[in-house]
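S.K.: Have a look at this one.
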Amino acid sequence: MKYFVGLIIAVWMGAGAALAEPLDYYLVEGVSYDQTIPKPHETLGHDIGDQPVRHDLMVSYLRQLAEASPRISVETIGYSHEKRPILFFVVTSPENHARLEAIRENHLKRTNAKTAKQASDDMPVVTWLNYGVHGAEASGMDASIPTLYHLAAAQDDRTKTQLENSVILITAVFNPDGHARRGAWVTQYGSDIRNSDPASEIHNQIWPGGRTNHYMFDLNRQWLLQTQPESRAWLAKWHQWKPEVSADFHEMGTNSTYYFHPGVPTRTYPLIPEKGDKLAYELAGYHVKWLDGQKKLYFSQEGFDNYYIGKGSTYPQVNGSLGFLFEAGAQMGIAKESDQGLKTYAENVQTHVGTSLSTIEGAASMREKLHAYQRQFFKDAPKLASDDDVKAYVFRAPEDSARLDMFLDLMARHKVLAYKVKGSVKSGGRSFGKGSYIVPMDQPQYRMAKALFNRITEFPDKVFYDVSGWTLPLAYGLDYGPVTNKVSKALGAAATDSGFVAPEPDIAPYAYVFRWSDYYAPRALNALLEAGILARVSKEPIRIMTTRGKVSLARGAVIVSKHHQQVASGTIDRLMKMLAAENRLTVHAVTSGRTLDAGADLGGRNTVADLRAPKPLLVVGAGVTPYDAGEVWHLLDHRMKMPVTLVRRDRLKTVKLGRYTHIILVGGRGEALPPTMKDSVIRWIKAGGTLVAHRQGAKWVNDTLFGRSKDTESDKKKPKSVARLVYSSKGQKDAEHVIGGAVFESKADLTHPMAFGIVRPLVATNKNSSFALKVPSDPYAQVAVYTKTPLLSGYASSKRLSELAGTPMMTAERMGDGAVILFADNPNFRATYVGAEKLFINALFFSRAFDKSRAGEEADAQAIED
């Protein structure tokens with residue numbers, strides 16, 4: 001009887017009460033460790049796997065570890081939005097630490113064809129391990145602790161040899177804010193008895209979860225886009241060293257086993273050398289050996305790809321490194337039931353530690369092969385550039401120096417060389433001269449430069465893990481084009497910014513005016529409106545006389561007159577001076593209200609509209625796509641310094657809508673608003689509110705508020721017969737008509753207030769759905785319409801292209817005194833489509849500046865009544 005009681009207790013303890021493992025569980029069997037090196041539990045207060053590691057305690061422990069070990073140095077390379085530090089560790093032998101800069105300088109010689117031969121190969125391999133880019137994937141962060149402990153304390157000859165032959169770079173962690181959310185949730189629902197039931201709250205964190213950073217950005221898409229402080233910090237270090245092997249640790253669905261690269265062979269970005277795939281396969285053999293020895297289930301070359309170059313495992317591959325992705329089957333809490341049995345946080349950490357060490361072992365063993373590969377990668381650049389029909393890309397944005405500088409800064413972060421154009425350059429029959437910039441293909445970063453500017457629309461494989469198109473000059477709204485002639489004589493001074501400095505404005509005798517095309521003009525306008533200063537927008541082009549002569553401005557110019565102001569004139573003068581400098585604006589001091597063209601004076605009745613400060617409400621919460629919501633929040637709060645109120649969808653009924661000028665609905669699933677609020681929202685719009693919606697939010701408005709999705713009897717067709725398909729084709733067939741993320745082109749009506757600030761009619765947006773907006777009855781409501789051939793970059797089937805061509809991308813309609821403004825796409829996608837962002841901003845500031853159509857008898861009658 002005692003035996004059975006003991007057995008029951010043992011099973012109970014194993015399944016529920018004691019799932020933490022001692023430090024030895026994560027370390028290498030048979031290896032002795034320096035006992036003077038501090039152990040994790042001494043600082044953390046618990047064992048790894050017992051509960052989430054608090055970020056502050058992790059930082060404290062790892063700093064102690066670096067201080068105690070001559071093998072490790074540590075520095076803070078940046079901070080998250082919530083001001084948590086991001087630590088960077090260099091791990092190598094003490095002897096290598098003493099000559100670290102010489103090692104780095106020698107290593108970097110391989111990354112330039114001109115110096116590649118000078119690099120000695122009798123040097124350590126540079127291996128990069130990054131942890132915790134997705135905060136909810138905790139084992140991908142906490143594995144850094146035993147890994148660093150092992151490297152600091154292991155006394156075996158194999159580890160010492162690996163340290164002699166390696167410089168190991170470790171970032172811990174990439175996403176501290178997301179991890180903090182996840183850790184707080186698991187701790188909040190932690191129990192004395194571990195609950196492994198998947199239905200338990202501990203495994204089901206509420207919106208937005210812990211995956212993303214503070215503004216809900218997926219940081220594993222930020223290697224390329226570089227809009228977040230966390231990614232900027234780690235990429236600077238990555239390029240400072242240009243590692244030869246880069247490893248990225250994650251978690252995936254609970255019922256998956258364990259994954260490691262290489263990825264699906266047919267889904268590799270074409271600029272990644274085939275030799276890199278072969279070396280990755282060879283290095284993966286070290287993972288196989290360890291995993292087989294542990295009797296662990298795993299898979300490779302399935303499910304995950306190497307196409308989108310903005311991920312942590314793919315970006316290195318277009319920059320001369322091998323890239324590895326590792327994915328463990330996730331459990332949100334400490335232990336969770338799965339199809340393969342109980343999965344524990346501790347085992348996930350242990351597996352990631354094992355593959356961290358197998359990555360280090362493989363890289364050190366393949367050191368000479370990796371040296372040779374990286375050298376050849378960069379030696380090939382001049383030949384690739386010579387064979388390329390495109391010799392350079394040229395670009396400009398005379399209407400917006402800030403957006404231009406954002407792009408030049410992005411080039412610099414990727415170590416892509418850009419220059420001012422000397423003289424002029426032809427592209428597509430157009431001449432680019434003063435104020436233009438050029439990126440030559442003949443440079444060490446040929447592959448990266450090509451990947452930033454290239455357009456690919458034909459693909460052998462139709463399945464994409466992420467976006468299929470990302471041509472960045474299109475996203476930035478630049479005027480750009482390829483150059484096919486030799487460009488060496490056109491390269492002027494190297495450029496990382498435009499050098500623009502806003503001139504200090506004169507004191508205006510009559511009014512101040514500034515153009516709307518500048519990126520930060522909305523930030524300045526909002527500051528004026530929040531200060532109680534009357535501002536107006538010109539709905540027509542104007543020519544004005546200023547203290548410095550005649551000036552012509554396009555539609556959308558913001559006017560701040562001295563008349564009807566409740567703020568003292570001197571205060572306005574000082575504020576305009578400050579806003580010009582802070583927002584990179586050329587502010588003109590106007591001498592008279594009369595313009596130089598008839599019918600467009602600054603006090604006009606129909607040609608000028610009064611503006612008011614937007615007070616937007618952004619709907620968030622369950623069912624809302626966190627990325628979409630975060631992008632709006634980031635744009636308004638972080639970039640434009642505008643207050644925006646975030647309200648969960650389940651709380652909306654308790655909120656007084658009359659406090660807000662705008663309600664913003666973004667992508668997601670289910671009802672965008674509670675069904676019972678339909679009538680109250682319509683009343684709010686008719687009373688003067690503006691509803692702004694994109695993607696599924698716009699579809700909900702189309703279907704629910706406008707009722708435009710209902711088929712009429714004539715629309716209904718007889719069901720088609722179902723063609724039999726071969727099951728092995730299912731993956732490709734299912735993906736054939738999916739638009740996972742392509743760059744689409746639409747043509748904007750530049751005379752419409754919703755398009756003010758856009759100076760070229762063709763606008764690029766990211767399209768990642770097949771949803772099409774219905775054509776409104778108002779003939780003036782189609783602000784932007786997809787062109788006849790809308791696909792600019794990425795994949796979309798001919799079926800989807802024919803369905804979408806000529807349909808609206810953006811509409812703006814009046815409803816009573818209010819407005820409904822819809823986008824088929826997300827104009828704020830990943831904070832990168834800064835060209836299209838202006839359309840969204842206009843929906844907030846100028847939603848009262850356009851009129852409904854007066855066409856038709858009913859409209860005529862209303863006009864008479866008005």
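Residue numbers start at 1 in each chain; chains themselves are named A, B, ... in the order of the structure tokens; ligands are numbered from 1 in the order shown.
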List every residue of range 629-794 of chain A that DSSP, applied to the backbone of this structure, places in strand (DSSP E), and write the result as a PyMOL selection string.
M.R.: chain A and resi 645-648+662-665+690-694+742-748+762-767+782-793
S.K.: Using only C-alpha atoms, find each residue in range 286-369 of chain A having at least one atom no more than 8 Å away from range 219-227 of chain A; report its shortest atom-to-atom pair and that distance in Å (one decimal), rows by chain then rising number, as a Markdown table.
M.R.:
| residue | atom | partner | partner_atom | distance |
| --- | --- | --- | --- | --- |
| A:Ile309 | CA | A:Leu224 | CA | 6.8 |
| A:Gly310 | CA | A:Leu224 | CA | 4.3 |
| A:Lys311 | CA | A:Asn220 | CA | 5.1 |
| A:Gly312 | CA | A:Asn220 | CA | 6.0 |
| A:Tyr315 | CA | A:Trp223 | CA | 6.7 |
S.K.: Can you pull out every residue within 10 Å of range 280-285 of chain A, counting only C-alpha atoms, but drop anything in the same chain fewer than 5 positions away, and send it as an NGL selection string?
M.R.: :A and (245 or 260-263 or 274-275 or 290-291 or 300-301 or 321-324 or 355 or 358-363 or 365-366)
S.K.: Would you write out those residues with N, CA, C and O atoms, as an mmCIF file, in the first residue's frame?
M.R.:
data_model
loop_
_atom_site.group_PDB
_atom_site.id
_atom_site.type_symbol
_atom_site.label_atom_id
_atom_site.label_comp_id
_atom_site.auth_asym_id
_atom_site.auth_seq_id
_atom_site.Cartn_x
_atom_site.Cartn_y
_atom_site.Cartn_z
ATOM 1 N N VAL A 245 27.876 33.397 -38.562
ATOM 2 C CA VAL A 245 26.720 32.562 -38.236
ATOM 3 C C VAL A 245 25.825 33.367 -37.309
ATOM 4 O O VAL A 245 26.303 33.982 -36.355
ATOM 5 N N PHE A 260 14.507 23.551 -36.756
ATOM 6 C CA PHE A 260 15.713 24.335 -37.007
ATOM 7 C C PHE A 260 15.918 24.445 -38.510
ATOM 8 O O PHE A 260 15.513 23.584 -39.285
ATOM 9 N N HIS A 261 16.561 25.541 -38.913
ATOM 10 C CA HIS A 261 16.896 25.762 -40.318
ATOM 11 C C HIS A 261 17.934 24.749 -40.793
ATOM 12 O O HIS A 261 18.628 24.164 -39.957
ATOM 13 N N PRO A 262 18.048 24.545 -42.108
ATOM 14 C CA PRO A 262 17.564 25.337 -43.241
ATOM 15 C C PRO A 262 16.035 25.267 -43.420
ATOM 16 O O PRO A 262 15.387 24.340 -42.957
ATOM 17 N N GLY A 263 15.521 26.302 -44.154
ATOM 18 C CA GLY A 263 14.097 26.385 -44.405
ATOM 19 C C GLY A 263 13.692 25.644 -45.658
ATOM 20 O O GLY A 263 14.480 24.911 -46.268
ATOM 21 N N GLU A 274 23.422 29.816 -53.122
ATOM 22 C CA GLU A 274 23.148 28.401 -52.909
ATOM 23 C C GLU A 274 24.186 27.771 -51.974
ATOM 24 O O GLU A 274 23.877 26.879 -51.187
ATOM 25 N N LYS A 275 25.418 28.253 -52.069
ATOM 26 C CA LYS A 275 26.478 27.740 -51.202
ATOM 27 C C LYS A 275 26.130 27.936 -49.732
ATOM 28 O O LYS A 275 26.462 27.097 -48.879
ATOM 29 N N TRP A 290 23.168 16.420 -31.634
ATOM 30 C CA TRP A 290 22.779 16.662 -30.242
ATOM 31 C C TRP A 290 21.347 16.221 -29.974
ATOM 32 O O TRP A 290 21.063 15.554 -28.982
ATOM 33 N N LEU A 291 20.419 16.585 -30.874
ATOM 34 C CA LEU A 291 19.009 16.242 -30.683
ATOM 35 C C LEU A 291 18.793 14.740 -30.719
ATOM 36 O O LEU A 291 17.997 14.195 -29.936
ATOM 37 N N SER A 300 13.046 19.860 -39.956
ATOM 38 C CA SER A 300 13.794 20.910 -40.637
ATOM 39 C C SER A 300 13.318 20.991 -42.080
ATOM 40 O O SER A 300 12.642 20.090 -42.573
ATOM 41 N N GLN A 301 13.645 22.101 -42.762
ATOM 42 C CA GLN A 301 13.306 22.316 -44.171
ATOM 43 C C GLN A 301 11.808 22.154 -44.437
ATOM 44 O O GLN A 301 11.391 21.698 -45.485
ATOM 45 N N SER A 321 26.214 36.140 -44.035
ATOM 46 C CA SER A 321 26.215 35.244 -42.881
ATOM 47 C C SER A 321 25.308 34.052 -43.157
ATOM 48 O O SER A 321 24.447 34.103 -44.044
ATOM 49 N N LEU A 322 25.475 32.981 -42.397
ATOM 50 C CA LEU A 322 24.470 31.928 -42.357
ATOM 51 C C LEU A 322 23.447 32.296 -41.302
ATOM 52 O O LEU A 322 23.811 32.787 -40.225
ATOM 53 N N GLY A 323 22.180 32.064 -41.594
ATOM 54 C CA GLY A 323 21.119 32.402 -40.646
ATOM 55 C C GLY A 323 20.366 31.168 -40.217
ATOM 56 O O GLY A 323 19.974 30.346 -41.053
ATOM 57 N N PHE A 324 20.135 31.037 -38.913
ATOM 58 C CA PHE A 324 19.442 29.867 -38.371
ATOM 59 C C PHE A 324 18.269 30.293 -37.508
ATOM 60 O O PHE A 324 18.393 31.170 -36.646
ATOM 61 N N THR A 355 20.919 23.614 -28.561
ATOM 62 C CA THR A 355 21.181 24.040 -29.941
ATOM 63 C C THR A 355 21.995 25.330 -29.990
ATOM 64 O O THR A 355 22.652 25.601 -30.993
ATOM 65 N N SER A 358 25.344 23.733 -29.821
ATOM 66 C CA SER A 358 25.684 23.034 -31.070
ATOM 67 C C SER A 358 25.969 24.032 -32.189
ATOM 68 O O SER A 358 26.779 23.751 -33.086
ATOM 69 N N THR A 359 25.327 25.215 -32.136
ATOM 70 C CA THR A 359 25.640 26.272 -33.103
ATOM 71 C C THR A 359 27.074 26.756 -32.903
ATOM 72 O O THR A 359 27.835 26.918 -33.874
ATOM 73 N N ILE A 360 27.440 26.984 -31.656
ATOM 74 C CA ILE A 360 28.808 27.427 -31.351
ATOM 75 C C ILE A 360 29.816 26.358 -31.770
ATOM 76 O O ILE A 360 30.846 26.658 -32.388
ATOM 77 N N GLU A 361 29.505 25.103 -31.455
ATOM 78 C CA GLU A 361 30.412 24.005 -31.810
ATOM 79 C C GLU A 361 30.561 23.886 -33.321
ATOM 80 O O GLU A 361 31.679 23.778 -33.843
ATOM 81 N N GLY A 362 29.424 23.915 -34.042
ATOM 82 C CA GLY A 362 29.484 23.784 -35.491
ATOM 83 C C GLY A 362 30.238 24.922 -36.152
ATOM 84 O O GLY A 362 31.046 24.706 -37.059
ATOM 85 N N ALA A 363 29.989 26.151 -35.688
ATOM 86 C CA ALA A 363 30.672 27.300 -36.271
ATOM 87 C C ALA A 363 32.176 27.216 -36.038
ATOM 88 O O ALA A 363 32.979 27.497 -36.938
ATOM 89 N N SER A 365 33.959 24.501 -35.519
ATOM 90 C CA SER A 365 34.512 23.389 -36.295
ATOM 91 C C SER A 365 34.595 23.722 -37.779
ATOM 92 O O SER A 365 35.500 23.247 -38.480
ATOM 93 N N MET A 366 33.667 24.540 -38.269
ATOM 94 C CA MET A 366 33.625 24.903 -39.692
ATOM 95 C C MET A 366 34.262 26.275 -39.939
ATOM 96 O O MET A 366 34.007 26.909 -40.954
#
S.K.: When DSSP is applied to the backbone of this structure, which of range 499-588 of chain A are assigned helix (DSSP H, G or I)? Write them out as number ranges by chain.
M.R.: A: 521-530, 569-582
S.K.: Hey, what's within 8 Å of range 776-791 of chain A if we count only C-alpha atoms and toss same-chain stuff fewer than 2 positions away? As a PyMOL selection string, please?
M.R.: chain A and resi 457+742-749+752+754-755+774+793-796+801+804-813+852-853
S.K.: Fewer than 6 positions away in the same chain doesn't count, so skip those; otherwise give me all residues within 12 Å of Val487 in chain A, counting only C-alpha atoms, as a PyMOL selection string.
M.R.: chain A and resi 385-386+390-394+419-427+437-442
S.K.: Once you have the residues from the selection above, write them out as an mmCIF file, in the first residue's frame, restricted to N, CA, C and O atoms.
M.R.:
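Saved file result11.cif follows:
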data_model
loop_
_atom_site.group_PDB
_atom_site.id
_atom_site.type_symbol
_atom_site.label_atom_id
_atom_site.label_comp_id
_atom_site.auth_asym_id
_atom_site.auth_seq_id
_atom_site.Cartn_x
_atom_site.Cartn_y
_atom_site.Cartn_z
ATOM 1 N N ALA A 385 27.400 43.109 -59.684
ATOM 2 C CA ALA A 385 27.036 44.465 -60.110
ATOM 3 C C ALA A 385 27.332 44.663 -61.585
ATOM 4 O O ALA A 385 26.550 45.301 -62.312
ATOM 5 N N SER A 386 28.449 44.123 -62.055
ATOM 6 C CA SER A 386 28.810 44.259 -63.467
ATOM 7 C C SER A 386 27.812 43.549 -64.368
ATOM 8 O O SER A 386 27.476 44.039 -65.453
ATOM 9 N N VAL A 390 20.951 46.916 -64.273
ATOM 10 C CA VAL A 390 20.750 48.142 -63.491
ATOM 11 C C VAL A 390 22.057 48.479 -62.787
ATOM 12 O O VAL A 390 22.597 47.679 -62.022
ATOM 13 N N LYS A 391 22.578 49.664 -63.040
ATOM 14 C CA LYS A 391 23.856 50.079 -62.461
ATOM 15 C C LYS A 391 23.674 50.908 -61.189
ATOM 16 O O LYS A 391 24.613 51.059 -60.402
ATOM 17 N N ALA A 392 22.479 51.429 -60.994
ATOM 18 C CA ALA A 392 22.221 52.244 -59.802
ATOM 19 C C ALA A 392 20.727 52.511 -59.716
ATOM 20 O O ALA A 392 19.976 52.268 -60.670
ATOM 21 N N TYR A 393 20.325 53.018 -58.564
ATOM 22 C CA TYR A 393 18.970 53.540 -58.389
ATOM 23 C C TYR A 393 19.101 54.986 -57.923
ATOM 24 O O TYR A 393 19.935 55.297 -57.071
ATOM 25 N N VAL A 394 18.276 55.833 -58.502
ATOM 26 C CA VAL A 394 18.323 57.255 -58.186
ATOM 27 C C VAL A 394 16.977 57.645 -57.582
ATOM 28 O O VAL A 394 15.927 57.093 -57.956
ATOM 29 N N TYR A 419 24.919 58.385 -52.364
ATOM 30 C CA TYR A 419 25.680 59.588 -52.701
ATOM 31 C C TYR A 419 24.737 60.656 -53.237
ATOM 32 O O TYR A 419 23.666 60.352 -53.774
ATOM 33 N N LYS A 420 25.163 61.894 -53.119
ATOM 34 C CA LYS A 420 24.479 62.968 -53.833
ATOM 35 C C LYS A 420 24.775 62.820 -55.320
ATOM 36 O O LYS A 420 25.875 62.401 -55.705
ATOM 37 N N VAL A 421 23.795 63.135 -56.132
ATOM 38 C CA VAL A 421 24.014 63.097 -57.574
ATOM 39 C C VAL A 421 24.859 64.297 -57.983
ATOM 40 O O VAL A 421 24.549 65.442 -57.631
ATOM 41 N N LYS A 422 25.911 64.013 -58.713
ATOM 42 C CA LYS A 422 26.759 65.073 -59.259
ATOM 43 C C LYS A 422 26.360 65.281 -60.714
ATOM 44 O O LYS A 422 26.400 64.353 -61.511
ATOM 45 N N GLY A 423 25.960 66.492 -61.039
ATOM 46 C CA GLY A 423 25.448 66.757 -62.387
ATOM 47 C C GLY A 423 24.022 66.268 -62.479
ATOM 48 O O GLY A 423 23.161 66.652 -61.678
ATOM 49 N N SER A 424 23.744 65.412 -63.431
ATOM 50 C CA SER A 424 22.402 64.841 -63.567
ATOM 51 C C SER A 424 22.506 63.415 -64.082
ATOM 52 O O SER A 424 23.500 63.023 -64.691
ATOM 53 N N VAL A 425 21.450 62.643 -63.805
ATOM 54 C CA VAL A 425 21.381 61.228 -64.194
ATOM 55 C C VAL A 425 20.026 60.988 -64.829
ATOM 56 O O VAL A 425 19.011 61.511 -64.366
ATOM 57 N N LYS A 426 20.007 60.166 -65.875
ATOM 58 C CA LYS A 426 18.759 59.830 -66.558
ATOM 59 C C LYS A 426 18.213 58.501 -66.043
ATOM 60 O O LYS A 426 18.955 57.540 -65.849
ATOM 61 N N SER A 427 16.907 58.468 -65.843
ATOM 62 C CA SER A 427 16.215 57.233 -65.483
ATOM 63 C C SER A 427 14.846 57.253 -66.137
ATOM 64 O O SER A 427 14.029 58.127 -65.837
ATOM 65 N N TYR A 437 19.583 61.721 -55.110
ATOM 66 C CA TYR A 437 20.571 60.842 -54.492
ATOM 67 C C TYR A 437 20.639 59.539 -55.285
ATOM 68 O O TYR A 437 19.667 59.149 -55.943
ATOM 69 N N ILE A 438 21.784 58.869 -55.179
ATOM 70 C CA ILE A 438 22.003 57.692 -56.009
ATOM 71 C C ILE A 438 22.652 56.583 -55.186
ATOM 72 O O ILE A 438 23.541 56.834 -54.366
ATOM 73 N N VAL A 439 22.164 55.367 -55.368
ATOM 74 C CA VAL A 439 22.742 54.181 -54.739
ATOM 75 C C VAL A 439 23.316 53.306 -55.853
ATOM 76 O O VAL A 439 22.569 52.702 -56.624
ATOM 77 N N PRO A 440 24.642 53.261 -55.996
ATOM 78 C CA PRO A 440 25.243 52.438 -57.043
ATOM 79 C C PRO A 440 25.183 50.965 -56.662
ATOM 80 O O PRO A 440 25.271 50.608 -55.480
ATOM 81 N N MET A 441 25.062 50.100 -57.647
ATOM 82 C CA MET A 441 25.068 48.671 -57.383
ATOM 83 C C MET A 441 26.483 48.152 -57.139
ATOM 84 O O MET A 441 26.667 47.133 -56.471
ATOM 85 N N ASP A 442 27.482 48.817 -57.664
ATOM 86 C CA ASP A 442 28.860 48.385 -57.484
ATOM 87 C C ASP A 442 29.344 48.849 -56.106
ATOM 88 O O ASP A 442 29.966 49.898 -55.952
#
S.K.: Contacts between range 98-112 of chain A and range 239-273 of chain A, please, where a residue of range 239-273 of chain A counts if it comes within 12 Å (with only C-alpha atoms); show its shortest atom pair and distance in Å to one decimal, rows by chain and ascending number, as a tab-separated table.
M.R.:
residue	atom	partner	partner_atom	distance
A:His239	CA	A:Leu108	CA	9.6
A:Gln240	CA	A:Arg104	CA	8.4
A:Trp241	CA	A:Arg104	CA	6.5
A:Lys242	CA	A:Leu108	CA	7.2
A:Pro243	CA	A:His107	CA	8.9
A:Glu244	CA	A:His107	CA	9.6
S.K.: Mind writing the picked residues with all heavy atoms as a compact mmCIF listing (two decimals), in the first residue's frame?
M.R.:
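The resulting file, selection-v6.txt, is shown below:
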# COMPACT_ATOMS: atom_id res chain seq x y z
N HIS A 239 26.13 44.87 -37.52
CA HIS A 239 26.99 45.35 -38.61
C HIS A 239 28.37 45.76 -38.11
O HIS A 239 29.32 45.77 -38.89
CB HIS A 239 26.31 46.50 -39.33
CG HIS A 239 25.36 46.05 -40.39
ND1 HIS A 239 25.77 45.39 -41.52
CD2 HIS A 239 24.01 46.16 -40.48
CE1 HIS A 239 24.72 45.10 -42.28
NE2 HIS A 239 23.64 45.55 -41.66
N GLN A 240 28.49 46.08 -36.84
CA GLN A 240 29.81 46.37 -36.30
C GLN A 240 30.71 45.14 -36.38
O GLN A 240 31.93 45.25 -36.55
CB GLN A 240 29.68 46.85 -34.85
CG GLN A 240 31.02 47.28 -34.23
CD GLN A 240 30.86 47.73 -32.80
OE1 GLN A 240 29.76 47.99 -32.31
NE2 GLN A 240 31.96 47.83 -32.08
N TRP A 241 30.08 43.96 -36.32
CA TRP A 241 30.84 42.72 -36.33
C TRP A 241 30.65 41.89 -37.60
O TRP A 241 31.53 41.13 -37.98
CB TRP A 241 30.46 41.87 -35.11
CG TRP A 241 31.21 42.25 -33.88
CD1 TRP A 241 30.82 43.09 -32.89
CD2 TRP A 241 32.52 41.78 -33.52
NE1 TRP A 241 31.79 43.19 -31.92
CE2 TRP A 241 32.86 42.38 -32.29
CE3 TRP A 241 33.44 40.92 -34.12
CZ2 TRP A 241 34.06 42.15 -31.64
CZ3 TRP A 241 34.64 40.68 -33.47
CH2 TRP A 241 34.95 41.29 -32.25
N LYS A 242 29.49 41.98 -38.24
CA LYS A 242 29.14 41.16 -39.40
C LYS A 242 29.46 39.67 -39.14
O LYS A 242 30.39 39.09 -39.72
CB LYS A 242 29.86 41.64 -40.66
CG LYS A 242 29.38 43.02 -41.12
CD LYS A 242 29.88 43.36 -42.50
CE LYS A 242 29.48 44.76 -42.92
NZ LYS A 242 28.02 44.94 -43.03
N PRO A 243 28.70 39.04 -38.27
CA PRO A 243 28.96 37.64 -37.91
C PRO A 243 28.90 36.70 -39.11
O PRO A 243 28.28 37.00 -40.13
CB PRO A 243 27.84 37.32 -36.91
CG PRO A 243 27.31 38.64 -36.48
CD PRO A 243 27.51 39.58 -37.61
N GLU A 244 29.50 35.54 -38.93
CA GLU A 244 29.47 34.52 -39.99
C GLU A 244 28.34 33.53 -39.79
O GLU A 244 27.91 32.87 -40.74
CB GLU A 244 30.82 33.80 -40.03
CG GLU A 244 31.93 34.71 -40.56
CD GLU A 244 33.30 34.29 -40.10
OE1 GLU A 244 33.61 34.47 -38.91
OE2 GLU A 244 34.07 33.78 -40.94
S.K.: Fewer than 4 positions away in the same chain doesn't count, so skip those; otherwise give me all residues within 8 Å of Ile272 in chain A, counting only C-alpha atoms, as a compact mmCIF listing (two decimals) with all heavy atoms, in the first residue's frame.
M.R.:
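As a result, around-v6.txt now contains:
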# COMPACT_ATOMS: atom_id res chain seq x y z
N THR A 268 13.35 30.55 -50.89
CA THR A 268 14.55 31.28 -50.50
C THR A 268 14.69 32.52 -51.37
O THR A 268 14.50 32.45 -52.59
CB THR A 268 15.80 30.40 -50.65
OG1 THR A 268 15.66 29.26 -49.79
CG2 THR A 268 17.06 31.15 -50.26
N GLY A 276 25.46 29.03 -49.42
CA GLY A 276 25.06 29.28 -48.04
C GLY A 276 24.10 28.22 -47.53
O GLY A 276 24.19 27.77 -46.38
N GLN A 317 21.46 36.36 -44.13
CA GLN A 317 21.82 35.61 -45.33
C GLN A 317 22.01 36.49 -46.57
O GLN A 317 22.63 36.05 -47.53
CB GLN A 317 20.78 34.53 -45.60
CG GLN A 317 20.69 33.51 -44.49
CD GLN A 317 19.68 32.42 -44.79
OE1 GLN A 317 19.76 31.76 -45.82
NE2 GLN A 317 18.74 32.22 -43.89
N VAL A 318 21.47 37.70 -46.56
CA VAL A 318 21.76 38.63 -47.65
C VAL A 318 22.86 39.61 -47.24
O VAL A 318 23.11 40.60 -47.93
CB VAL A 318 20.50 39.40 -48.12
CG1 VAL A 318 19.55 38.48 -48.86
CG2 VAL A 318 19.80 40.08 -46.97
S.K.: Mind checking which residues fall within 9 Å of Gly630 in chain A, counting only C-alpha atoms, ignoring those fewer than 2 positions away in the same chain, and posting them as a ChimeraX atom specification?
M.R.: /A:214-217,625-628,632-635,830
S.K.: Just checking: using only C-alpha atoms, which residue out of A:Met411, A:Val349, A:Leu611, A:Ala622 ends up closest to Pro522 in chain A?
M.R.: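 The closest residue to Pro522 in chain A is A:Leu611.
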